[in-house]
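Written out below as structure tokens is the structure these notes cover.
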Amino acid sequence: MKKRVTLSVLSLSAVMALSACGNNSADGGESGGGVKLTMMSTATTKADQQIYKEIVADFEKANPEIDIEDTYPGDGYEDLARVKMAADDMPDLFDTHGWAKSRYGEYTEDLSDMDWVKNLDEAMKPILTDDKGKLHAYPVNQALDGMSYNKTLLDEYGIKPPKTFDELMAALEEVKKKSKGEVVPFWLGGSDKSQFGQYFDEFATTLLITDKENSHGEALLDGSFDWSNYTYLPEKLKEMNDKGLLNKDVLTAQVTQGAELMAQNKIAFTMLNGSVGREVSELNPEVQVGTIPVPAIHEGDSPSWIGGERHTFAVSKNSEHKEEAKQFIEYLTQPEVAKKLAEGTSLPDALTNVEADNYFAEFYKEYEGTQIQPYFDRVYLPSGMWDPMGATGQELIAGTMKPDEVSEKMEQEYKRLRAE
Amino acid sequence: MAELTKAPEKTSMKTKSAKWKRSRRESSLWWMYLPSVLIVVLFIVYPFLDGIRISFTNWNGFSQTYDYIGLDQYKRMFADPDTWLVVKNTLLYGIGSTILQNIAGLGYALLLNHNLKVRSFTRTIIYLPVIISPLIMGYIWYFFFAFQGGALNDIFLLFGKEPINALGNPAVNPYIIVFVNTFQFVGIAMIIYLAGLQSISKDYYEAANIDGATGWQKFKNITIPLLMPSITINMVLNIIGGLKLFDVIVALTNGGPGNASQSMSTFMYNLYFSRQDAGYAATQGVLMAIIILVISMAALVYFKRKEVEA
Amino acid sequence: MDQLSKQAKWLLTGLALLITLFHLVPFYILITTSLKKVGDFTSKWAFPTSFNTENFTLAWEQANLGNAFINTAIITIFAAVLLIFFGSMAAYALARRTTKLNKYVYMLFVGVMVIPPLTALVPLYRLVVDIGLMNTHLVAILNNVAAFMPLTIFLYAGFIRSTIPKELEEAAKIDGASTLGVFFRVVFPLLKPITATVLIISSVYIWNDYQFAIFFLQDSSVQTLTVALAGFFGQNSSQLNLVAAAALMASLPMVIVFLFLQRFFIEGLAAGSVKG
């Protein structure tokens, strides 16, 4: 009997020793006397990540007692975030990437009493504040997305940036013709579903929202939307593929190749935004990247930028270091830092007291006055539609789904997720 | 000596109630396997049962609230074309890899069953992939099959042909996955067959030679029947392993394009994490468990029977 | 089967070499790709013009392989030790004491082998969260122990039943040893072959595991080699030379161990399969 007791005690202590060992490695850092903050950002491209790493390093230098463990899960961010939400284990600082209220709302700390709030750009206010006045996150920059293109090539071919979808199709054909098939007119890094998602998401706005006579916003919000109205988008995408206007390896191309290919003048139009411009020009200074708002689809309608959250930082409601986390955010709001971040990510900043020189500044100026619409899926679709939006695109091009089946699948998921 | 003193104890014990079964002779020594049972129950049995429970809900995987919706998920699963696609792939990966691995493994074993100088070296190289992570094996073959800069396409280009996008082609990429999986584990089949071959007594063959049997006859009537135990093990192990395939798929195609090359495991992962569809993921899990159970039982029974016959 | 003509032997040797060459192709590609500079897009078949080791240092740092290596080692070693310790004990009890209870327990273990790991995943996830063990080494260790326990017990029990004569244990008991003493001092040392097999099979599998690690060890501080590698691939999918370098380094430990202990790997598998 004594032996059995000894055995159980030994086993138990072994297990406890292991758990202590395990926990130390996972949390480690508290003991140093300083504070360790965990941070997660959606910055995906090398250029974006680099700028954040620099800023974090600068902050740590200015605040030696604070150590930030910054992570950039890339396209695995959302999955990881869901996992962490389920565990109620959000990092001290995390990116809400457009879902501050509708997905992450329960996990954020209210920031409305911070100093920078009075300088917050009006456009961002309603996106980040809920009707109770809670401000969920600090926007590092704003999305101002459309399509980016190789301006150098287009100028060479004498092609004007398109304002409508028909003009876009014509432009793509021109590129193919003028380059004798050497340049890919429309490139997607489709091994990542989000590339297809980006196409659908952005064009859904001009297809279903902006045109006064074809506005389905209400129907989408109350669940009565007729999804056959969506079929135009998969049909057009398939048409592009059939005409050879998409890259041959669209289903396996990697997003990270986009900048390299554009720098080599091998592709014309993409759905990449933000820092792609800087990245391309750094690879090849002779290539200039341009950006256009999303072309209109219906007759008489005008193009639209897609705006809203891009990179943000929220403070976890359960954070044990809220003060220090807020300190980091305050650091980001300083004009020089905010400017550096905005310029580094090639997107407009979200504070009125900051003047940033943007890679795309001339283009933004050219299209000043263009309406800015929020991201379609963030407003009009339940959370969780992003995956099928992209996946159906892949299946469409792979030939396993027809355009009307794409709409059917979207409808199925839409109904299911609304009911959740 | 000890026997004599214990005997009277034993008889008196037998007349007492079951609780007194704790005599040294009869005790089940439960405390020796208690920790193991606890770990297994906690990490496998309980979650599995809970998974069955979740399959009756519409839980999204991270919110605190959800509803019980009866058999809706099951109805949905049977009506969903993706389910059948994914089951088909899973069976392909399981059975396809098994067949290929066993044919190749047996072939290699027969080849190496001679006293060749290169035998040891070849054996090592063929077995090497077994100890490498399937994820890494997938990446290595990705370098081979990739559209841009893949080794295979280099060969095509060399002959002036168009490069192919094997990994992006839904009709083709499941077979690539089967190939890579086979390549990785054929070494195990080979070793098991080699051991089996070497345990067959030479006398059988000598007797057959005297009778004038041909090579094929010897193979069919001596080798195969006596190899049955090895065949059983290989088949059962390979099938179960193939059905559970995950890492290789993630590395090569990530289940794409769309869901074309998903196995049930990768599909479940996708449902849970990216589709916010935990309830449905659990339902697929139940189906997967049933399929694996049925197939492995069937395989076991089939091959054991063949063993007995032989 | 070894009465072959010299001609036949040459033919077979040639065939074997051809096959070996075929099997070497992926390794060749891996090694040569890892030695090429980033941005070198020459054919995968081409031999590198210069040996660049910078890929290795870059990959090591960026993928945080040192940390991943330690995590993987910790998890594998502890899991293997626990498997052998608890598994052999459990097998002994189940092999030697065939009470009704034990029969059911044994069936439980065998039955569990069929459950695909991922079906238990979703609720296991919740459970782990509730206990508070997310992103700890402990959860990975225990999970792997649970996963391999049935096979371990199966192997040990089979071996004990068929190979260890009861007389030894009875002799020790007569000498006054306790059950535990009998087990550890008499039986366990005789289990070396199976211990070796279990050690090898489970270590290789746990070391290379991705399915479970990706779920429970996503925090960069506790990532194992496979998880770190997968993340690294995602970030560098257009710079395969770096990925190749990382993959090579991640596989090296197991390969080295294998090459030194080949005999145990292969013979353990062979012996186990023949015994049945």
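Letters for chains follow the order of the structure tokens (A, B, ...), residue numbers begin at 1 for each chain, and ligand numbers begin at 1 in the order shown.
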Task: All residues 9 Å or closer to region 61-72 of chain B, only C-alpha atoms, same chain fewer than 5 positions away omitted, as an MDAnalysis selection string - done: (chainID A and resid 82:88 420) or (chainID B and resid 54:56 77 272:273 276:279) or (chainID C and resid 122 126)
Let me see the file: selected residues, N, CA and C atoms, as a PDB file, in the first residue's frame.
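Dumped to part.pdb:
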ATOM      1  N   ARG A  82      -9.680  33.343 -33.696  1.00  0.00           N
ATOM      2  CA  ARG A  82     -10.880  32.630 -33.249  1.00  0.00           C
ATOM      3  C   ARG A  82     -10.530  31.671 -32.134  1.00  0.00           C
ATOM      4  N   VAL A  83      -9.398  30.991 -32.316  1.00  0.00           N
ATOM      5  CA  VAL A  83      -8.935  30.068 -31.294  1.00  0.00           C
ATOM      6  C   VAL A  83      -8.729  30.788 -29.972  1.00  0.00           C
ATOM      7  N   LYS A  84      -8.115  31.951 -30.059  1.00  0.00           N
ATOM      8  CA  LYS A  84      -7.843  32.686 -28.832  1.00  0.00           C
ATOM      9  C   LYS A  84      -9.111  33.222 -28.196  1.00  0.00           C
ATOM     10  N   MET A  85     -10.057  33.597 -29.033  1.00  0.00           N
ATOM     11  CA  MET A  85     -11.317  34.082 -28.473  1.00  0.00           C
ATOM     12  C   MET A  85     -12.013  32.958 -27.720  1.00  0.00           C
ATOM     13  N   ALA A  86     -12.000  31.759 -28.350  1.00  0.00           N
ATOM     14  CA  ALA A  86     -12.638  30.620 -27.696  1.00  0.00           C
ATOM     15  C   ALA A  86     -11.974  30.343 -26.361  1.00  0.00           C
ATOM     16  N   ALA A  87     -10.682  30.601 -26.303  1.00  0.00           N
ATOM     17  CA  ALA A  87      -9.958  30.363 -25.061  1.00  0.00           C
ATOM     18  C   ALA A  87     -10.020  31.571 -24.140  1.00  0.00           C
ATOM     19  N   ASP A  88     -10.651  32.622 -24.617  1.00  0.00           N
ATOM     20  CA  ASP A  88     -10.701  33.873 -23.863  1.00  0.00           C
ATOM     21  C   ASP A  88      -9.287  34.299 -23.493  1.00  0.00           C
ATOM     22  N   GLU A 420     -26.729  31.753 -36.701  1.00  0.00           N
ATOM     23  CA  GLU A 420     -25.883  31.366 -35.563  1.00  0.00           C
ATOM     24  C   GLU A 420     -26.023  32.317 -34.400  1.00  0.00           C
TER      25      GLU A 420
ATOM     26  N   ILE B  54     -21.794  17.707 -29.534  1.00  0.00           N
ATOM     27  CA  ILE B  54     -21.739  18.962 -30.277  1.00  0.00           C
ATOM     28  C   ILE B  54     -22.308  18.821 -31.680  1.00  0.00           C
ATOM     29  N   SER B  55     -22.251  17.591 -32.206  1.00  0.00           N
ATOM     30  CA  SER B  55     -22.765  17.410 -33.565  1.00  0.00           C
ATOM     31  C   SER B  55     -24.259  17.632 -33.630  1.00  0.00           C
ATOM     32  N   PHE B  56     -24.892  17.742 -32.470  1.00  0.00           N
ATOM     33  CA  PHE B  56     -26.322  18.025 -32.460  1.00  0.00           C
ATOM     34  C   PHE B  56     -26.621  19.493 -32.216  1.00  0.00           C
ATOM     35  N   MET B  77     -25.323  17.174 -43.619  1.00  0.00           N
ATOM     36  CA  MET B  77     -24.121  16.479 -44.044  1.00  0.00           C
ATOM     37  C   MET B  77     -24.422  15.537 -45.196  1.00  0.00           C
ATOM     38  N   TYR B 272     -13.948  24.105 -38.660  1.00  0.00           N
ATOM     39  CA  TYR B 272     -13.894  24.617 -37.306  1.00  0.00           C
ATOM     40  C   TYR B 272     -13.242  25.983 -37.248  1.00  0.00           C
ATOM     41  N   PHE B 273     -12.101  26.113 -37.910  1.00  0.00           N
ATOM     42  CA  PHE B 273     -11.332  27.336 -37.776  1.00  0.00           C
ATOM     43  C   PHE B 273     -11.733  28.442 -38.726  1.00  0.00           C
ATOM     44  N   GLN B 276     -16.185  28.857 -38.969  1.00  0.00           N
ATOM     45  CA  GLN B 276     -16.990  29.084 -37.776  1.00  0.00           C
ATOM     46  C   GLN B 276     -18.131  28.081 -37.707  1.00  0.00           C
ATOM     47  N   ASP B 277     -17.821  26.835 -37.938  1.00  0.00           N
ATOM     48  CA  ASP B 277     -18.867  25.840 -38.072  1.00  0.00           C
ATOM     49  C   ASP B 277     -18.541  24.620 -37.227  1.00  0.00           C
ATOM     50  N   ALA B 278     -18.366  24.817 -35.938  1.00  0.00           N
ATOM     51  CA  ALA B 278     -17.926  23.734 -35.069  1.00  0.00           C
ATOM     52  C   ALA B 278     -18.928  22.596 -35.013  1.00  0.00           C
ATOM     53  N   GLY B 279     -20.206  22.919 -34.995  1.00  0.00           N
ATOM     54  CA  GLY B 279     -21.223  21.873 -34.929  1.00  0.00           C
ATOM     55  C   GLY B 279     -21.102  20.919 -36.114  1.00  0.00           C
TER      56      GLY B 279
ATOM     57  N   VAL C 122     -12.323  19.155 -31.506  1.00  0.00           N
ATOM     58  CA  VAL C 122     -13.123  20.326 -31.157  1.00  0.00           C
ATOM     59  C   VAL C 122     -13.448  20.409 -29.672  1.00  0.00           C
ATOM     60  N   ARG C 126     -11.942  22.835 -26.219  1.00  0.00           N
ATOM     61  CA  ARG C 126     -12.674  23.517 -25.151  1.00  0.00           C
ATOM     62  C   ARG C 126     -12.170  23.060 -23.788  1.00  0.00           C
TER      63      ARG C 126
END
Task: Contact set, chain A to chain B: 7 Å, only C-alpha atoms, as a PyMOL selection string - done: chain A and resi 79+82+85-86+249+251-252+384+387+391-392+394-395+398+420
Selection export as a PDB file, in the first residue's frame, atoms kept: N, CA, C and O atoms:
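Listed below is the output, part35.pdb:
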ATOM      1  N   ASP A  79      -7.882  32.616 -38.076  1.00  0.00           N
ATOM      2  CA  ASP A  79      -8.048  31.324 -37.420  1.00  0.00           C
ATOM      3  C   ASP A  79      -7.493  31.384 -36.011  1.00  0.00           C
ATOM      4  O   ASP A  79      -8.123  30.949 -35.056  1.00  0.00           O
ATOM      5  N   ARG A  82      -9.680  33.343 -33.696  1.00  0.00           N
ATOM      6  CA  ARG A  82     -10.880  32.630 -33.249  1.00  0.00           C
ATOM      7  C   ARG A  82     -10.530  31.671 -32.134  1.00  0.00           C
ATOM      8  O   ARG A  82     -11.265  31.521 -31.160  1.00  0.00           O
ATOM      9  N   MET A  85     -10.057  33.597 -29.033  1.00  0.00           N
ATOM     10  CA  MET A  85     -11.317  34.082 -28.473  1.00  0.00           C
ATOM     11  C   MET A  85     -12.013  32.958 -27.720  1.00  0.00           C
ATOM     12  O   MET A  85     -12.523  33.148 -26.615  1.00  0.00           O
ATOM     13  N   ALA A  86     -12.000  31.759 -28.350  1.00  0.00           N
ATOM     14  CA  ALA A  86     -12.638  30.620 -27.696  1.00  0.00           C
ATOM     15  C   ALA A  86     -11.974  30.343 -26.361  1.00  0.00           C
ATOM     16  O   ALA A  86     -12.614  29.908 -25.414  1.00  0.00           O
ATOM     17  N   ASP A 249      -1.438  30.083 -63.383  1.00  0.00           N
ATOM     18  CA  ASP A 249      -1.334  29.356 -62.125  1.00  0.00           C
ATOM     19  C   ASP A 249      -2.132  30.060 -61.036  1.00  0.00           C
ATOM     20  O   ASP A 249      -1.773  29.998 -59.862  1.00  0.00           O
ATOM     21  N   LEU A 251      -4.516  29.342 -59.389  1.00  0.00           N
ATOM     22  CA  LEU A 251      -4.947  28.568 -58.233  1.00  0.00           C
ATOM     23  C   LEU A 251      -3.809  28.217 -57.288  1.00  0.00           C
ATOM     24  O   LEU A 251      -4.042  27.815 -56.164  1.00  0.00           O
ATOM     25  N   THR A 252      -2.572  28.329 -57.753  1.00  0.00           N
ATOM     26  CA  THR A 252      -1.474  27.971 -56.858  1.00  0.00           C
ATOM     27  C   THR A 252      -0.481  29.102 -56.648  1.00  0.00           C
ATOM     28  O   THR A 252       0.490  28.945 -55.923  1.00  0.00           O
ATOM     29  N   GLY A 384     -17.922  35.472 -40.869  1.00  0.00           N
ATOM     30  CA  GLY A 384     -17.606  34.105 -41.288  1.00  0.00           C
ATOM     31  C   GLY A 384     -17.832  33.852 -42.770  1.00  0.00           C
ATOM     32  O   GLY A 384     -17.593  32.746 -43.258  1.00  0.00           O
ATOM     33  N   ASP A 387     -14.474  33.206 -45.771  1.00  0.00           N
ATOM     34  CA  ASP A 387     -13.910  31.953 -46.254  1.00  0.00           C
ATOM     35  C   ASP A 387     -14.655  31.404 -47.469  1.00  0.00           C
ATOM     36  O   ASP A 387     -14.044  31.113 -48.490  1.00  0.00           O
ATOM     37  N   ALA A 391     -13.282  30.665 -51.137  1.00  0.00           N
ATOM     38  CA  ALA A 391     -13.263  29.265 -51.557  1.00  0.00           C
ATOM     39  C   ALA A 391     -14.093  29.043 -52.821  1.00  0.00           C
ATOM     40  O   ALA A 391     -13.685  28.293 -53.710  1.00  0.00           O
ATOM     41  N   THR A 392     -15.241  29.695 -52.906  1.00  0.00           N
ATOM     42  CA  THR A 392     -16.074  29.512 -54.103  1.00  0.00           C
ATOM     43  C   THR A 392     -15.347  30.038 -55.330  1.00  0.00           C
ATOM     44  O   THR A 392     -15.484  29.505 -56.423  1.00  0.00           O
ATOM     45  N   GLN A 394     -12.127  29.888 -55.821  1.00  0.00           N
ATOM     46  CA  GLN A 394     -11.191  28.830 -56.208  1.00  0.00           C
ATOM     47  C   GLN A 394     -11.915  27.726 -56.962  1.00  0.00           C
ATOM     48  O   GLN A 394     -11.457  27.237 -57.989  1.00  0.00           O
ATOM     49  N   GLU A 395     -13.059  27.330 -56.419  1.00  0.00           N
ATOM     50  CA  GLU A 395     -13.774  26.227 -57.053  1.00  0.00           C
ATOM     51  C   GLU A 395     -14.296  26.624 -58.422  1.00  0.00           C
ATOM     52  O   GLU A 395     -14.351  25.817 -59.348  1.00  0.00           O
ATOM     53  N   ALA A 398     -11.416  26.404 -60.726  1.00  0.00           N
ATOM     54  CA  ALA A 398     -10.987  25.015 -60.879  1.00  0.00           C
ATOM     55  C   ALA A 398     -11.976  24.245 -61.723  1.00  0.00           C
ATOM     56  O   ALA A 398     -11.716  23.129 -62.143  1.00  0.00           O
ATOM     57  N   GLU A 420     -26.729  31.753 -36.701  1.00  0.00           N
ATOM     58  CA  GLU A 420     -25.883  31.366 -35.563  1.00  0.00           C
ATOM     59  C   GLU A 420     -26.023  32.317 -34.400  1.00  0.00           C
ATOM     60  O   GLU A 420     -25.946  33.504 -34.554  1.00  0.00           O
TER      61      GLU A 420
END
Open item on the list: To test your reading of the structure, identify every residue in region 36-189 of chain C that backbone DSSP assigns to helix (DSSP H, G or I), and report it as a count of residues only.
Closed with: 115
List every residue of chain B that has an atom at most 7 Å from any atom of chain C, and for each one report the closest atom pair and its distance in Å to one decimal, counting only C-alpha atoms, with rows sorted by chain and then by increasing residue number, as CSV.
residue,atom,partner,partner_atom,distance
B:Ser28,CA,C:Arg97,CA,5.4
B:Leu29,CA,C:Ala93,CA,5.6
B:Met32,CA,C:Ala90,CA,5.2
B:Tyr33,CA,C:Ala90,CA,4.0
B:Pro35,CA,C:Phe86,CA,6.9
B:Ser36,CA,C:Phe86,CA,6.1
B:Ile39,CA,C:Ala146,CA,5.6
B:Val40,CA,C:Ala146,CA,4.7
B:Phe43,CA,C:Asn143,CA,6.2
B:Ile44,CA,C:Ala120,CA,6.1
B:Pro47,CA,C:Ala120,CA,4.9
B:Phe48,CA,C:Ala120,CA,4.3
B:Asp50,CA,C:Pro123,CA,6.0
B:Gly51,CA,C:Pro123,CA,5.6
B:Leu111,CA,C:Leu12,CA,6.9
B:His114,CA,C:Asp2,CA,5.8
B:Asn115,CA,C:Asp2,CA,6.8
B:Leu116,CA,C:Thr13,CA,6.3
B:Val118,CA,C:Thr13,CA,6.8
B:Thr122,CA,C:Thr20,CA,5.5
B:Ile125,CA,C:Thr20,CA,6.6
B:Ile126,CA,C:His23,CA,6.3
B:Ile131,CA,C:Val204,CA,6.0
B:Ile132,CA,C:Ser251,CA,5.9
B:Ser133,CA,C:Asn208,CA,4.4
B:Ile136,CA,C:Ala247,CA,6.1
B:Ile140,CA,C:Pro26,CA,6.1
B:Trp141,CA,C:Pro26,CA,6.7
B:Gly149,CA,C:Ser43,CA,6.5
B:Gly150,CA,C:Lys44,CA,6.7
B:Ala151,CA,C:Lys44,CA,5.1
B:Asp154,CA,C:Ser43,CA,6.4
B:Ile191,CA,C:Ala270,CA,6.2
B:Ile192,CA,C:Ala270,CA,5.3
B:Ala195,CA,C:Ala270,CA,5.3
B:Gly196,CA,C:Val274,CA,6.3
B:Pro229,CA,C:Gly276,CA,7.0
B:Ser230,CA,C:Ser273,CA,6.5
B:Lys244,CA,C:Pro116,CA,6.6
B:Phe246,CA,C:Gln211,CA,6.9
B:Asp247,CA,C:Tyr210,CA,6.4
B:Ser265,CA,C:Leu118,CA,6.3
B:Ala282,CA,C:Thr119,CA,6.5
B:Gly285,CA,C:Thr119,CA,4.4
B:Val286,CA,C:Thr119,CA,6.6
B:Ala289,CA,C:Ile115,CA,5.6
B:Ile292,CA,C:Val114,CA,6.7
B:Leu293,CA,C:Val114,CA,5.9
Task: Polymer residues at most 7 Å from Met147 (chain A), only C-alpha atoms, same-chain spacing of 6 or more positions, as a PyMOL selection string - done: chain A and resi 269-273+291-294
